[in-house]
Amino acid sequence: MILLFIVSALVAGSVVPVQTSINAGLGRKVGSPMMASLISFLTGTLTLMFLALIVDHRLGFPPSALHTLPWWIWFGGGTLGVVYLTSNLLLLPKLGAALTVVSTLCGQMIMAICIDQFGWFNVAVQPFSLPRFIGVVCLLGGVLLMQKF
Amino acid sequence: MKKSFLLTSLFILWGIAAGMVSPVQTAVNAQVRTAVNSPLIASLISFLTGTVLLVLATLIADHRLNFGLRLIPHSRWWIWIGGPLGVIFVTANILLLPELGAALTVVSIVCGQMAAALAVDHFGWFGVPRHPVNWQRIAGMALMVAGIVLIQQF
């Protein structure tokens, strides 16, 4: 079962460079990276409206759900997504592709390990261990090798 | 020289901070998923708030919201599918986080990302300059798979 989830993650990840290449091309066409991000988010929103209508037969949610979570959670996901996307966009010309990928990836790993270690956001606790550390080093080494050559 | 070193360090710190945002976003979206009882509506909320924010950001940065509509018939169809691809990514993250945990989710997704980047570079798809596969890149890929196995086992 876990293998199936890992394969799904691999497939989901494979979408990213395709998306980046397409959005970079779109940015050149419309003459603004910000506009390209906006078009990307807008078409994504429309796609999700279709999907939600087909799968869930609804677009809203019961207002009572609003009180179950802290207020900032509701726009936190979208805001953080924009911060991530826009930072990448702005850093790429300053740091180059390799350094941008490696530094954002380091940040990602640090935070992911904290979330697992402390069980933040209701994620199951998975304590940090030496093999996990070696795994992270392997990942960073692999990314570095691929970016350098 | 010293100043440019400082500047690069600042940009790297910014990169690390931006990276830290990404798993938090997934965790936040996963919480919304539980509250609204649908991964798709959780993604929709995330994309909708992102769209609103980008409308503001674009107005501030570019002082306009329109672009040449002639672009639509004059471009290849796939230029418009970046958004739907982002949907796959965000929704998959929401679904996978509770199953794999944060670290394994990040590592597997990055591995898929690098494998696809290898292919895009090798074949020069989507107008990207060609960059053929070499043994260092294959070794890098193998190291990353080893990383997944280690994190998954322990």
# chains A, B, ... in the order shown; residues from 1 in each chain; ligands from 1
$ select_by_dssp --residues "chain B" --states "alpha helix (DSSP H)" --output "JSON, numbers by chain"
{"B": [2, 3, 4, 5, 6, 7, 8, 9, 10, 11, 12, 13, 14, 15, 16, 17, 18, 19, 20, 21, 22, 23, 24, 25, 26, 27, 28, 29, 30, 31, 32, 33, 34, 35, 36, 39, 40, 41, 42, 43, 44, 45, 46, 47, 48, 49, 50, 51, 52, 53, 54, 55, 56, 57, 58, 59, 60, 61, 62, 71, 72, 73, 74, 82, 83, 84, 85, 86, 87, 88, 89, 90, 91, 92, 93, 94, 95, 96, 97, 98, 99, 100, 101, 102, 103, 104, 105, 106, 107, 108, 109, 110, 111, 112, 113, 114, 115, 116, 117, 118, 119, 120, 121, 122, 123, 135, 136, 137, 138, 139, 140, 141, 142, 143, 144, 145, 146, 147, 148, 149, 150, 151, 152, 153]}
$ residues_around --residues "segment 49-57 of chain B" --least-positions-apart "3" --cutoff "10 Å" --atoms "only C-alpha atoms" --output "number ranges by chain"
A: 34-45, 74-83, 86; B: 44-46, 60-65
$ closest_residue --among "B:Thr58, B:Thr8, B:Gln31, B:Gln136" --to "Trp72 of chain A" --atoms "only C-alpha atoms"
B:Gln31
$ closest_residue --among "A:Leu10, A:Ile54, A:Val137, A:Leu85" --to "chain B" --atoms "only C-alpha atoms"
A:Leu10
$ residues_around --residues "Val18 of chain A" --least-positions-apart "2" --cutoff "12 Å" --atoms "only C-alpha atoms" --output "PyMOL selection string"
(chain A and resi 11-16+20-25) or (chain B and resi 78-86+88-89+112-121+124-128)
$ decode --residues "segment 69-147 of chain B" --atoms "C-alpha atoms" --output "mmCIF file, in the first residue's frame"
data_model
loop_
_atom_site.group_PDB
_atom_site.id
_atom_site.type_symbol
_atom_site.label_atom_id
_atom_site.label_comp_id
_atom_site.auth_asym_id
_atom_site.auth_seq_id
_atom_site.Cartn_x
_atom_site.Cartn_y
_atom_site.Cartn_z
ATOM 1 C CA LEU B 69 -5.941 38.175 -26.078
ATOM 2 C CA ARG B 70 -4.530 37.429 -29.534
ATOM 3 C CA LEU B 71 -2.145 35.163 -27.658
ATOM 4 C CA ILE B 72 -4.900 32.613 -27.106
ATOM 5 C CA PRO B 73 -5.375 31.457 -30.721
ATOM 6 C CA HIS B 74 -1.699 32.054 -31.539
ATOM 7 C CA SER B 75 -0.156 29.809 -28.902
ATOM 8 C CA ARG B 76 0.240 26.054 -28.579
ATOM 9 C CA TRP B 77 -2.626 24.599 -26.520
ATOM 10 C CA TRP B 78 -0.332 23.273 -23.778
ATOM 11 C CA ILE B 79 0.817 26.738 -22.787
ATOM 12 C CA TRP B 80 -2.433 27.046 -20.762
ATOM 13 C CA ILE B 81 -2.245 23.796 -18.781
ATOM 14 C CA GLY B 82 0.219 24.948 -16.094
ATOM 15 C CA GLY B 83 -2.673 25.602 -13.691
ATOM 16 C CA PRO B 84 -4.330 22.187 -14.083
ATOM 17 C CA LEU B 85 -0.906 20.558 -13.561
ATOM 18 C CA GLY B 86 -0.531 22.564 -10.350
ATOM 19 C CA VAL B 87 -3.909 21.169 -9.296
ATOM 20 C CA ILE B 88 -2.560 17.608 -9.595
ATOM 21 C CA PHE B 89 0.445 18.567 -7.471
ATOM 22 C CA VAL B 90 -1.433 20.377 -4.675
ATOM 23 C CA THR B 91 -4.229 17.791 -4.447
ATOM 24 C CA ALA B 92 -1.800 14.847 -4.430
ATOM 25 C CA ASN B 93 0.154 16.505 -1.604
ATOM 26 C CA ILE B 94 -3.051 16.852 0.456
ATOM 27 C CA LEU B 95 -3.918 13.190 -0.101
ATOM 28 C CA LEU B 96 -0.400 11.843 0.539
ATOM 29 C CA LEU B 97 0.666 13.782 3.651
ATOM 30 C CA PRO B 98 -1.506 11.803 6.123
ATOM 31 C CA GLU B 99 -0.394 8.511 4.527
ATOM 32 C CA LEU B 100 3.350 9.074 4.109
ATOM 33 C CA GLY B 101 4.174 11.751 6.704
ATOM 34 C CA ALA B 102 5.806 15.070 5.829
ATOM 35 C CA ALA B 103 9.401 13.917 5.182
ATOM 36 C CA LEU B 104 8.568 10.939 2.957
ATOM 37 C CA THR B 105 6.039 13.036 0.999
ATOM 38 C CA VAL B 106 8.663 15.715 0.298
ATOM 39 C CA VAL B 107 11.371 13.195 -0.608
ATOM 40 C CA SER B 108 9.218 11.113 -2.991
ATOM 41 C CA ILE B 109 7.792 14.161 -4.707
ATOM 42 C CA VAL B 110 11.258 15.669 -5.166
ATOM 43 C CA CYS B 111 12.452 12.368 -6.648
ATOM 44 C CA GLY B 112 9.600 12.368 -9.206
ATOM 45 C CA GLN B 113 10.364 16.008 -9.884
ATOM 46 C CA MET B 114 14.053 15.347 -10.621
ATOM 47 C CA ALA B 115 13.274 12.305 -12.797
ATOM 48 C CA ALA B 116 10.866 14.343 -14.921
ATOM 49 C CA ALA B 117 13.316 17.275 -15.032
ATOM 50 C CA LEU B 118 15.930 14.835 -16.351
ATOM 51 C CA ALA B 119 13.556 13.793 -19.151
ATOM 52 C CA VAL B 120 12.489 17.377 -19.995
ATOM 53 C CA ASP B 121 16.169 18.436 -20.214
ATOM 54 C CA HIS B 122 17.239 15.354 -22.165
ATOM 55 C CA PHE B 123 14.587 15.676 -24.859
ATOM 56 C CA GLY B 124 14.287 19.475 -24.767
ATOM 57 C CA TRP B 125 10.491 19.343 -24.320
ATOM 58 C CA PHE B 126 8.376 22.530 -24.021
ATOM 59 C CA GLY B 127 11.029 24.721 -25.594
ATOM 60 C CA VAL B 128 13.605 24.018 -22.845
ATOM 61 C CA PRO B 129 17.242 23.870 -24.085
ATOM 62 C CA ARG B 130 18.439 20.237 -24.548
ATOM 63 C CA HIS B 131 20.731 18.865 -21.846
ATOM 64 C CA PRO B 132 21.554 15.167 -22.412
ATOM 65 C CA VAL B 133 21.629 12.612 -19.560
ATOM 66 C CA ASN B 134 25.118 11.713 -18.301
ATOM 67 C CA TRP B 135 26.395 9.272 -15.677
ATOM 68 C CA GLN B 136 26.621 11.924 -12.946
ATOM 69 C CA ARG B 137 22.922 12.658 -13.387
ATOM 70 C CA ILE B 138 22.088 8.918 -13.244
ATOM 71 C CA ALA B 139 24.206 8.599 -10.055
ATOM 72 C CA GLY B 140 22.333 11.567 -8.576
ATOM 73 C CA MET B 141 19.018 9.853 -9.317
ATOM 74 C CA ALA B 142 20.226 6.612 -7.681
ATOM 75 C CA LEU B 143 21.298 8.518 -4.532
ATOM 76 C CA MET B 144 17.859 10.092 -4.300
ATOM 77 C CA VAL B 145 16.101 6.708 -4.570
ATOM 78 C CA ALA B 146 18.414 5.423 -1.798
ATOM 79 C CA GLY B 147 17.293 8.406 0.296
#
